[in-house]
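What follows is the content of final.cif, which has mmCIF, C-alpha atoms:
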data_input
loop_
_atom_site.group_PDB
_atom_site.id
_atom_site.type_symbol
_atom_site.label_atom_id
_atom_site.label_comp_id
_atom_site.auth_asym_id
_atom_site.auth_seq_id
_atom_site.Cartn_x
_atom_site.Cartn_y
_atom_site.Cartn_z
ATOM 1 C CA MET A 1 -4.316 17.379 -8.436
ATOM 2 C CA SER A 2 -0.748 16.240 -7.698
ATOM 3 C CA GLY A 3 0.276 12.669 -8.314
ATOM 4 C CA HIS A 4 0.497 11.657 -4.692
ATOM 5 C CA SER A 5 -2.841 13.249 -3.798
ATOM 6 C CA LYS A 6 -4.609 11.334 -6.549
ATOM 7 C CA TRP A 7 -2.898 8.171 -5.406
ATOM 8 C CA ALA A 8 -4.216 8.795 -1.873
ATOM 9 C CA SER A 9 -7.755 8.812 -3.249
ATOM 10 C CA ILE A 10 -7.141 5.508 -5.026
ATOM 11 C CA LYS A 11 -5.597 4.067 -1.865
ATOM 12 C CA HIS A 12 -8.775 4.919 0.061
ATOM 13 C CA LYS A 13 -10.804 2.909 -2.412
ATOM 14 C CA LYS A 14 -8.340 0.014 -2.401
ATOM 15 C CA ALA A 15 -8.344 -0.147 1.390
ATOM 16 C CA ALA A 16 -12.129 -0.329 1.427
ATOM 17 C CA VAL A 17 -12.091 -3.110 -1.175
ATOM 18 C CA ASP A 18 -9.506 -5.096 0.793
ATOM 19 C CA ALA A 19 -11.527 -4.839 3.988
ATOM 20 C CA LYS A 20 -14.785 -5.714 2.254
ATOM 21 C CA ARG A 21 -13.347 -8.852 0.717
ATOM 22 C CA GLY A 22 -11.822 -10.108 3.945
ATOM 23 C CA LYS A 23 -8.412 -10.296 2.301
ATOM 24 C CA LEU A 24 -6.625 -7.902 4.619
ATOM 25 C CA PHE A 25 -5.659 -10.309 7.403
ATOM 26 C CA THR A 26 -4.279 -12.895 4.983
ATOM 27 C CA LYS A 27 -2.081 -10.336 3.237
ATOM 28 C CA ILE A 28 -0.832 -8.772 6.475
ATOM 29 C CA ILE A 29 0.022 -12.164 7.993
ATOM 30 C CA ARG A 30 2.163 -13.022 4.964
ATOM 31 C CA GLU A 31 3.876 -9.628 5.194
ATOM 32 C CA ILE A 32 4.622 -10.090 8.915
ATOM 33 C CA THR A 33 6.064 -13.560 8.281
ATOM 34 C CA VAL A 34 8.375 -12.370 5.502
ATOM 35 C CA SER A 35 9.483 -9.267 7.435
ATOM 36 C CA ALA A 36 10.329 -11.390 10.484
ATOM 37 C CA ARG A 37 12.194 -13.902 8.337
ATOM 38 C CA SER A 38 14.329 -11.273 6.594
ATOM 39 C CA GLY A 39 14.952 -8.874 9.486
ATOM 40 C CA GLY A 40 14.325 -10.819 12.688
ATOM 41 C CA GLY A 41 11.375 -11.038 15.050
ATOM 42 C CA ASP A 42 12.191 -8.001 17.221
ATOM 43 C CA PRO A 43 10.157 -5.037 15.940
ATOM 44 C CA GLU A 44 12.447 -2.572 17.742
ATOM 45 C CA ALA A 45 15.355 -3.747 15.596
ATOM 46 C CA ASN A 46 13.297 -4.374 12.444
ATOM 47 C CA PRO A 47 11.577 -1.221 11.092
ATOM 48 C CA SER A 48 9.798 -3.163 8.339
ATOM 49 C CA LEU A 49 8.276 -5.539 10.875
ATOM 50 C CA ARG A 50 7.369 -2.656 13.162
ATOM 51 C CA ALA A 51 5.464 -0.923 10.363
ATOM 52 C CA VAL A 52 3.475 -4.013 9.366
ATOM 53 C CA ILE A 53 2.655 -4.819 13.006
ATOM 54 C CA GLN A 54 1.182 -1.337 13.279
ATOM 55 C CA LYS A 55 -0.824 -2.007 10.118
ATOM 56 C CA ALA A 56 -2.097 -5.222 11.698
ATOM 57 C CA LYS A 57 -3.112 -3.402 14.876
ATOM 58 C CA ASP A 58 -4.883 -0.695 12.881
ATOM 59 C CA ALA A 59 -6.843 -3.492 11.152
ATOM 60 C CA ASN A 60 -7.791 -4.887 14.600
ATOM 61 C CA MET A 61 -5.891 -8.115 14.060
ATOM 62 C CA PRO A 62 -5.734 -10.200 17.290
ATOM 63 C CA SER A 63 -2.315 -10.124 18.965
ATOM 64 C CA GLU A 64 -2.077 -13.933 18.873
ATOM 65 C CA ASN A 65 -2.319 -13.840 15.069
ATOM 66 C CA ILE A 66 0.539 -11.338 14.948
ATOM 67 C CA GLU A 67 2.694 -13.387 17.301
ATOM 68 C CA ARG A 68 2.037 -16.598 15.361
ATOM 69 C CA ALA A 69 3.026 -14.941 12.078
ATOM 70 C CA ILE A 70 6.253 -13.639 13.620
ATOM 71 C CA LYS A 71 7.128 -17.100 14.950
ATOM 72 C CA LYS A 72 6.530 -18.609 11.518
ATOM 73 C CA GLY A 73 8.900 -16.052 10.065
ATOM 74 C CA THR A 74 11.640 -16.711 12.628
ATOM 75 C CA GLY A 75 11.250 -20.475 12.341
ATOM 76 C CA GLU A 76 9.812 -21.043 15.828
ATOM 77 C CA LEU A 77 6.693 -22.415 14.143
ATOM 78 C CA GLU A 78 6.445 -24.288 10.869
ATOM 79 C CA GLY A 79 5.176 -22.155 8.030
ATOM 80 C CA VAL A 80 5.141 -21.652 4.272
ATOM 81 C CA ASN A 81 8.300 -20.234 2.693
ATOM 82 C CA TYR A 82 7.159 -17.155 0.775
ATOM 83 C CA GLU A 83 9.309 -15.446 -1.866
ATOM 84 C CA GLU A 84 9.100 -11.728 -2.574
ATOM 85 C CA ILE A 85 8.596 -11.095 -6.309
ATOM 86 C CA VAL A 86 7.921 -7.734 -7.988
ATOM 87 C CA TYR A 87 6.247 -7.544 -11.401
ATOM 88 C CA GLU A 88 6.341 -4.432 -13.571
ATOM 89 C CA GLY A 89 4.240 -3.619 -16.569
ATOM 90 C CA TYR A 90 1.749 -1.365 -18.292
ATOM 91 C CA GLY A 91 -1.992 -1.080 -17.929
ATOM 92 C CA PRO A 92 -4.634 0.420 -20.230
ATOM 93 C CA GLY A 93 -3.381 3.586 -21.906
ATOM 94 C CA GLY A 94 0.224 2.673 -21.148
ATOM 95 C CA VAL A 95 0.070 3.606 -17.443
ATOM 96 C CA ALA A 96 2.719 2.170 -15.127
ATOM 97 C CA VAL A 97 1.762 -0.740 -12.871
ATOM 98 C CA LEU A 98 3.980 -2.158 -10.117
ATOM 99 C CA VAL A 99 2.830 -5.360 -8.388
ATOM 100 C CA GLU A 100 4.444 -6.636 -5.185
ATOM 101 C CA THR A 101 3.778 -10.290 -4.388
ATOM 102 C CA LEU A 102 4.607 -12.901 -1.768
ATOM 103 C CA SER A 103 4.428 -16.335 -3.334
ATOM 104 C CA ASP A 104 5.165 -19.962 -2.524
ATOM 105 C CA ASN A 105 5.056 -20.836 -6.238
ATOM 106 C CA ARG A 106 6.822 -18.429 -8.595
ATOM 107 C CA ASN A 107 5.561 -20.076 -11.798
ATOM 108 C CA ARG A 108 1.917 -19.992 -10.686
ATOM 109 C CA THR A 109 2.083 -16.363 -9.624
ATOM 110 C CA ALA A 110 3.839 -15.216 -12.797
ATOM 111 C CA ALA A 111 1.289 -16.983 -15.008
ATOM 112 C CA ASN A 112 -1.660 -15.558 -13.069
ATOM 113 C CA VAL A 113 -0.328 -11.986 -13.041
ATOM 114 C CA ARG A 114 0.504 -12.136 -16.762
ATOM 115 C CA HIS A 115 -3.009 -13.416 -17.511
ATOM 116 C CA LEU A 116 -4.657 -10.558 -15.599
ATOM 117 C CA PHE A 117 -2.547 -7.912 -17.350
ATOM 118 C CA SER A 118 -3.468 -9.386 -20.741
ATOM 119 C CA LYS A 119 -7.159 -9.718 -19.872
ATOM 120 C CA TYR A 120 -7.487 -6.030 -19.000
ATOM 121 C CA ASN A 121 -5.572 -4.524 -21.920
ATOM 122 C CA GLY A 122 -2.136 -4.417 -20.317
ATOM 123 C CA ASN A 123 1.142 -6.279 -20.558
ATOM 124 C CA LEU A 124 4.047 -7.248 -18.331
ATOM 125 C CA GLY A 125 7.369 -5.542 -18.938
ATOM 126 C CA GLU A 126 11.016 -6.074 -18.040
ATOM 127 C CA SER A 127 12.348 -5.568 -14.522
ATOM 128 C CA GLY A 128 12.998 -1.862 -13.954
ATOM 129 C CA CYS A 129 10.709 -0.639 -16.739
ATOM 130 C CA VAL A 130 8.409 1.347 -14.416
ATOM 131 C CA SER A 131 9.907 1.161 -10.911
ATOM 132 C CA TRP A 132 11.768 4.443 -11.486
ATOM 133 C CA ILE A 133 8.392 6.252 -11.638
ATOM 134 C CA PHE A 134 7.674 5.486 -7.973
ATOM 135 C CA GLU A 135 9.360 6.717 -4.802
ATOM 136 C CA ARG A 136 9.134 5.141 -1.344
ATOM 137 C CA LYS A 137 7.325 7.305 1.188
ATOM 138 C CA GLY A 138 5.461 7.075 4.443
ATOM 139 C CA MET A 139 1.800 8.026 4.071
ATOM 140 C CA ILE A 140 -0.585 8.910 6.886
ATOM 141 C CA THR A 141 -4.105 10.176 6.327
ATOM 142 C CA VAL A 142 -6.043 11.830 9.147
ATOM 143 C CA PRO A 143 -9.766 12.728 8.890
ATOM 144 C CA THR A 144 -10.185 16.506 8.851
ATOM 145 C CA ASP A 145 -13.272 16.592 11.090
ATOM 146 C CA GLY A 146 -12.760 18.925 14.034
ATOM 147 C CA LEU A 147 -9.079 19.535 13.352
ATOM 148 C CA SER A 148 -7.251 22.734 12.510
ATOM 149 C CA GLU A 149 -5.283 22.443 9.280
ATOM 150 C CA GLU A 150 -2.647 24.838 10.598
ATOM 151 C CA ASP A 151 -2.269 22.883 13.844
ATOM 152 C CA VAL A 152 -1.931 19.542 12.063
ATOM 153 C CA PHE A 153 0.553 20.960 9.557
ATOM 154 C CA ASP A 154 2.757 22.581 12.210
ATOM 155 C CA THR A 155 2.682 19.440 14.355
ATOM 156 C CA VAL A 156 3.613 16.907 11.686
ATOM 157 C CA VAL A 157 6.242 19.070 10.000
ATOM 158 C CA ALA A 158 7.907 19.650 13.387
ATOM 159 C CA ALA A 159 7.914 15.853 13.837
ATOM 160 C CA GLY A 160 9.713 15.362 10.519
ATOM 161 C CA ALA A 161 7.017 15.141 7.825
ATOM 162 C CA ASP A 162 7.921 16.275 4.316
ATOM 163 C CA ASP A 163 4.539 17.672 3.389
ATOM 164 C CA MET A 164 0.839 17.749 4.246
ATOM 165 C CA LYS A 165 -2.135 18.463 2.006
ATOM 166 C CA ASN A 166 -5.814 18.978 2.725
ATOM 167 C CA LEU A 167 -7.730 16.598 0.427
ATOM 168 C CA GLY A 168 -11.125 17.594 1.807
ATOM 169 C CA ASP A 169 -12.089 14.572 3.888
ATOM 170 C CA VAL A 170 -8.561 13.849 5.075
ATOM 171 C CA PHE A 171 -5.180 15.444 5.609
ATOM 172 C CA GLU A 172 -2.550 13.545 3.645
ATOM 173 C CA ILE A 173 0.815 13.497 5.430
ATOM 174 C CA LEU A 174 3.947 12.337 3.602
ATOM 175 C CA THR A 175 7.269 11.421 5.174
ATOM 176 C CA GLU A 176 10.590 9.941 4.261
ATOM 177 C CA PRO A 177 10.672 6.246 5.265
ATOM 178 C CA ASP A 178 13.103 6.938 8.123
ATOM 179 C CA SER A 179 10.794 9.621 9.572
ATOM 180 C CA PHE A 180 7.573 7.616 9.386
ATOM 181 C CA ASP A 181 7.715 6.122 12.891
ATOM 182 C CA ALA A 182 8.380 9.467 14.570
ATOM 183 C CA VAL A 183 5.594 11.269 12.728
ATOM 184 C CA TYR A 184 3.108 8.462 13.282
ATOM 185 C CA GLU A 185 3.926 8.376 16.992
ATOM 186 C CA VAL A 186 3.136 12.091 17.263
ATOM 187 C CA VAL A 187 -0.152 11.600 15.389
ATOM 188 C CA LYS A 188 -1.122 8.760 17.755
ATOM 189 C CA ASN A 189 -0.154 10.758 20.843
ATOM 190 C CA LYS A 190 -2.370 13.593 19.655
ATOM 191 C CA GLY A 191 -5.279 11.160 19.584
ATOM 192 C CA TRP A 192 -5.927 11.770 15.879
ATOM 193 C CA LYS A 193 -7.567 8.928 13.979
ATOM 194 C CA THR A 194 -5.839 7.560 10.887
ATOM 195 C CA GLU A 195 -7.280 5.888 7.794
ATOM 196 C CA ILE A 196 -3.981 5.029 6.106
ATOM 197 C CA ALA A 197 -0.661 4.725 7.971
ATOM 198 C CA GLU A 198 1.959 2.810 6.029
ATOM 199 C CA LEU A 199 5.116 2.812 3.994
ATOM 200 C CA THR A 200 4.076 2.920 0.361
ATOM 201 C CA LYS A 201 5.267 3.853 -3.117
ATOM 202 C CA ILE A 202 3.973 7.026 -4.711
ATOM 203 C CA PRO A 203 4.120 7.931 -8.414
ATOM 204 C CA LYS A 204 6.146 11.019 -9.291
ATOM 205 C CA THR A 205 3.821 11.777 -12.216
ATOM 206 C CA MET A 206 0.312 10.700 -13.209
ATOM 207 C CA VAL A 207 -1.122 9.692 -16.595
ATOM 208 C CA GLU A 208 -4.740 10.700 -17.186
ATOM 209 C CA LEU A 209 -7.071 8.000 -18.499
ATOM 210 C CA ASP A 210 -10.417 8.478 -20.202
ATOM 211 C CA ASP A 211 -13.401 6.834 -18.511
ATOM 212 C CA ALA A 212 -13.301 3.658 -20.633
ATOM 213 C CA LYS A 213 -9.622 2.985 -19.916
ATOM 214 C CA GLY A 214 -10.125 4.134 -16.331
ATOM 215 C CA LYS A 215 -12.764 1.439 -15.803
ATOM 216 C CA GLN A 216 -10.419 -1.178 -17.271
ATOM 217 C CA MET A 217 -7.648 0.022 -14.961
ATOM 218 C CA VAL A 218 -9.858 -0.138 -11.858
ATOM 219 C CA LYS A 219 -10.874 -3.674 -12.807
ATOM 220 C CA LEU A 220 -7.239 -4.696 -13.317
ATOM 221 C CA MET A 221 -6.305 -3.275 -9.907
ATOM 222 C CA GLU A 222 -9.235 -5.005 -8.222
ATOM 223 C CA MET A 223 -8.456 -8.369 -9.800
ATOM 224 C CA LEU A 224 -4.777 -8.096 -8.882
ATOM 225 C CA ASP A 225 -5.684 -7.056 -5.330
ATOM 226 C CA ASP A 226 -8.034 -10.033 -5.103
ATOM 227 C CA HIS A 227 -5.212 -12.480 -5.883
ATOM 228 C CA ASP A 228 -3.938 -14.168 -2.721
ATOM 229 C CA ASP A 229 -0.273 -13.741 -3.715
ATOM 230 C CA VAL A 230 -0.517 -9.995 -4.385
ATOM 231 C CA GLN A 231 0.379 -7.690 -1.505
ATOM 232 C CA GLN A 232 0.370 -4.250 -3.122
ATOM 233 C CA VAL A 233 -0.502 -2.714 -6.476
ATOM 234 C CA TYR A 234 0.836 0.703 -7.470
ATOM 235 C CA THR A 235 -0.043 2.732 -10.538
ATOM 236 C CA ASN A 236 0.339 6.224 -11.931
ATOM 237 C CA ALA A 237 -3.109 6.089 -13.552
ATOM 238 C CA ASP A 238 -5.124 9.281 -13.054
ATOM 239 C CA ILE A 239 -8.661 7.876 -12.855
ATOM 240 C CA SER A 240 -11.664 10.195 -12.641
ATOM 241 C CA ASP A 241 -13.533 10.435 -9.343
ATOM 242 C CA ALA A 242 -16.725 9.386 -11.139
ATOM 243 C CA VAL A 243 -15.152 6.133 -12.322
ATOM 244 C CA LEU A 244 -13.690 5.442 -8.878
ATOM 245 C CA ALA A 245 -17.086 6.067 -7.272
ATOM 246 C CA ASP A 246 -18.871 3.705 -9.677
ATOM 247 C CA ALA A 247 -16.339 0.893 -9.467
#
Could you show the structure in this file as structure tokens?
Amino acid sequence: MSGHSKWASIKHKKAAVDAKRGKLFTKIIREITVSARSGGGDPEANPSLRAVIQKAKDANMPSENIERAIKKGTGELEGVNYEEIVYEGYGPGGVAVLVETLSDNRNRTAANVRHLFSKYNGNLGESGCVSWIFERKGMITVPTDGLSEEDVFDTVVAAGADDMKNLGDVFEILTEPDSFDAVYEVVKNKGWKTEIAELTKIPKTMVELDDAKGKQMVKLMEMLDDHDDVQQVYTNADISDAVLADA
């Protein structure tokens, strides 16, 4: 299985964990606030904000929550000043781990992230040590039920997608960041449901872990995801389907 396809499977699990724990709204609100602060509150002129607003809508976030987060970012409402901090390191078996955070206390976040890496047989590294392993892409997954693979492929490639793969339950569609909006708009207009629709980072290569290290890696990802300051966790760990299913 290619690196990005395996990562799609892990993303499915992560999305389910986020939703189950009720953490999704909190993380999205922070992301909206920071995007509005850095690029302005007009989604038409701010692609980053436009993408996270779509994520919020897909999560059924009330429009008033979205508007309030934007106003906090633009300074129309008082809000917390979050700082974007990226941590890089290695998990069990030496796999790459990239952690994106939004924090109002750099020292607290750094200490907590370092503790979690250490607890689950990993360690933080220097800036740039693993970021080169990941490339920024748009990812859209569409359930395969009732859809023609050929029709979906022809449609999304014509709209600007780089590639599409059939992963069994879903079609995984990858785009360049600049093409994401156009491809997603076509998918929506077709009336196709989506499970994942976001700008993400995908590993160029994967590192296979045995089941013991795979379980440690899943636990590390879950604990990082559960931290309020953590927005996204990326890894090139190739974890067996059995371990993912049991986690």
Inset, instruction - For atom CA of Phe153 of chain A and atom CA of Lys190 of chain A, quote the distance in Å rounded to one decimal. - result: 12.8 Å
Inset, instruction - Compare A:Ser179, A:Ala56, A:Ile140, A:Val80 by their minimum atom-to-atom distance to Thr33 of chain A, counting all atoms listed in the file, and give me the closest one. - result: A:Val80
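Here atom CA of Leu147 of chain A is placed at a distance of 10.7 Å from atom CA of Lys193 of chain A.
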Inset, instruction - Give as a PyMOL selection string the residues that the PyMOL selection byres ((chain A and resi 89) around 12) matches when applied to the coordinates above. - result: chain A and resi 86-88+90-100+113-114+116-118+121-131+133+220+233-236
Inset, instruction - Counting only C-alpha atoms, note down every residue that has an atom within 8 Å of the point (-7.6, 13.0, 2.7) (file coordinates), as a PyMOL selection string. - result: chain A and resi 8-9+141-144+165-172
Residues from the last selection, C-alpha atoms, saved as a tab-separated table (two decimals), keeping the file's coordinate frame:
chain	number	residue	atom	x	y	z
A	8	ALA	CA	-4.22	8.80	-1.87
A	9	SER	CA	-7.76	8.81	-3.25
A	141	THR	CA	-4.11	10.18	6.33
A	142	VAL	CA	-6.04	11.83	9.15
A	143	PRO	CA	-9.77	12.73	8.89
A	144	THR	CA	-10.18	16.51	8.85
A	165	LYS	CA	-2.13	18.46	2.01
A	166	ASN	CA	-5.81	18.98	2.72
A	167	LEU	CA	-7.73	16.60	0.43
A	168	GLY	CA	-11.12	17.59	1.81
A	169	ASP	CA	-12.09	14.57	3.89
A	170	VAL	CA	-8.56	13.85	5.08
A	171	PHE	CA	-5.18	15.44	5.61
A	172	GLU	CA	-2.55	13.54	3.64
Inset, instruction - Just give me the gap between atom CA of Asp228 of chain A and atom CA of Thr101 of chain A in Å, one decimal is fine. - result: 8.8 Å
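Of the residues listed (A:Ile239, A:Asp229, A:Val156, A:Ala59), A:Asp229 shows the shortest atom-to-atom separation from Arg108 of chain A; distances use only C-alpha atoms.
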Inset, instruction - Carefully work through the PyMOL selection byres ((chain A and resi 238) around 9) for this structure and note down the residues it includes, as an MDAnalysis selection string. - result: chainID A and resid 3 6:7 95 206:210 214 235:237 239:240
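By chain and then residue number, the residues within 12 Å of Phe25 of chain A are Asp18, Ala19, Lys20, Arg30, Glu31, Ile32, Val52, Ile53, Lys55, Ala56, Lys57, Asp58, Ala59, Asn60, Met61, Pro62, Asn65, Ile66, Ala69, Asp228 and Gln231 of chain A, counting all atoms listed in the file and disregarding those fewer than 5 positions away in sequence.
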Write a file of the selected residues as a CSV table (one decimal), in the frame of the given file, keeping C-alpha atoms.
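Resulting contents of out37.csv:
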chain,number,residue,atom,x,y,z
A,18,ASP,CA,-9.5,-5.1,0.8
A,19,ALA,CA,-11.5,-4.8,4.0
A,20,LYS,CA,-14.8,-5.7,2.3
A,30,ARG,CA,2.2,-13.0,5.0
A,31,GLU,CA,3.9,-9.6,5.2
A,32,ILE,CA,4.6,-10.1,8.9
A,52,VAL,CA,3.5,-4.0,9.4
A,53,ILE,CA,2.7,-4.8,13.0
A,55,LYS,CA,-0.8,-2.0,10.1
A,56,ALA,CA,-2.1,-5.2,11.7
A,57,LYS,CA,-3.1,-3.4,14.9
A,58,ASP,CA,-4.9,-0.7,12.9
A,59,ALA,CA,-6.8,-3.5,11.2
A,60,ASN,CA,-7.8,-4.9,14.6
A,61,MET,CA,-5.9,-8.1,14.1
A,62,PRO,CA,-5.7,-10.2,17.3
A,65,ASN,CA,-2.3,-13.8,15.1
A,66,ILE,CA,0.5,-11.3,14.9
A,69,ALA,CA,3.0,-14.9,12.1
A,228,ASP,CA,-3.9,-14.2,-2.7
A,231,GLN,CA,0.4,-7.7,-1.5
Inset, instruction - Can you give me, as a PyMOL selection string, the residues this file yields under the PyMOL selection byres ((chain A and resi 163) around 6)? - result: chain A and resi 161-162+164+173-174
Inset, instruction - Please provide the set of residues having any atom within 10 Å of Gly41 of chain A, restricted to all atoms listed in the file, with same-chain residues fewer than 5 positions apart removed, written as a ChimeraX atom specification. - result: /A:32-33,35-36,46,49-50,67,69-75
Pull C-alpha atoms from the residues just selected and write them as a PDB file, in the frame of the given file.
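The result, written out as again.pdb:
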ATOM      1  CA  ILE A  32       4.622 -10.090   8.915  1.00  0.00           C
ATOM      2  CA  THR A  33       6.064 -13.560   8.281  1.00  0.00           C
ATOM      3  CA  SER A  35       9.483  -9.267   7.435  1.00  0.00           C
ATOM      4  CA  ALA A  36      10.329 -11.390  10.484  1.00  0.00           C
ATOM      5  CA  ASN A  46      13.297  -4.374  12.444  1.00  0.00           C
ATOM      6  CA  LEU A  49       8.276  -5.539  10.875  1.00  0.00           C
ATOM      7  CA  ARG A  50       7.369  -2.656  13.162  1.00  0.00           C
ATOM      8  CA  GLU A  67       2.694 -13.387  17.301  1.00  0.00           C
ATOM      9  CA  ALA A  69       3.026 -14.941  12.078  1.00  0.00           C
ATOM     10  CA  ILE A  70       6.253 -13.639  13.620  1.00  0.00           C
ATOM     11  CA  LYS A  71       7.128 -17.100  14.950  1.00  0.00           C
ATOM     12  CA  LYS A  72       6.530 -18.609  11.518  1.00  0.00           C
ATOM     13  CA  GLY A  73       8.900 -16.052  10.065  1.00  0.00           C
ATOM     14  CA  THR A  74      11.640 -16.711  12.628  1.00  0.00           C
ATOM     15  CA  GLY A  75      11.250 -20.475  12.341  1.00  0.00           C
TER      16      GLY A  75
END
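Of the residues listed (A:Asn105, A:Thr205, A:Thr26, A:Thr200), A:Thr200 shows the shortest atom-to-atom separation from Ala51 of chain A; distances use only C-alpha atoms.
Ranking A:Ile29, A:Met221, A:Ala197, A:Val157 by their shortest atom-to-atom distance to Leu102 of chain A, with all atoms listed in the file included, puts A:Ile29 first.
With all atoms listed in the file as the atoms that count, the minimum distance from Ala182 of chain A to the choices A:Lys213, A:Glu195, A:Val243, A:Thr155 is reached by A:Thr155.
Take the candidates A:Ala111, A:Arg68, A:Glu176, A:Trp192 and check each one against Asp145 of chain A using all atoms listed in the file; the shortest distance goes to A:Trp192.
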Would you compute an axis-aligned box for segment 189-193 of chain A, covering every atom listed for it in the file with 8 Å of margin on each side, and report centre and edge lengths in Å to one decimal as lines of an AutoDock Vina configuration file?
center_x = -3.9
center_y = 11.3
center_z = 17.4
size_x = 23.4
size_y = 20.7
size_z = 22.9
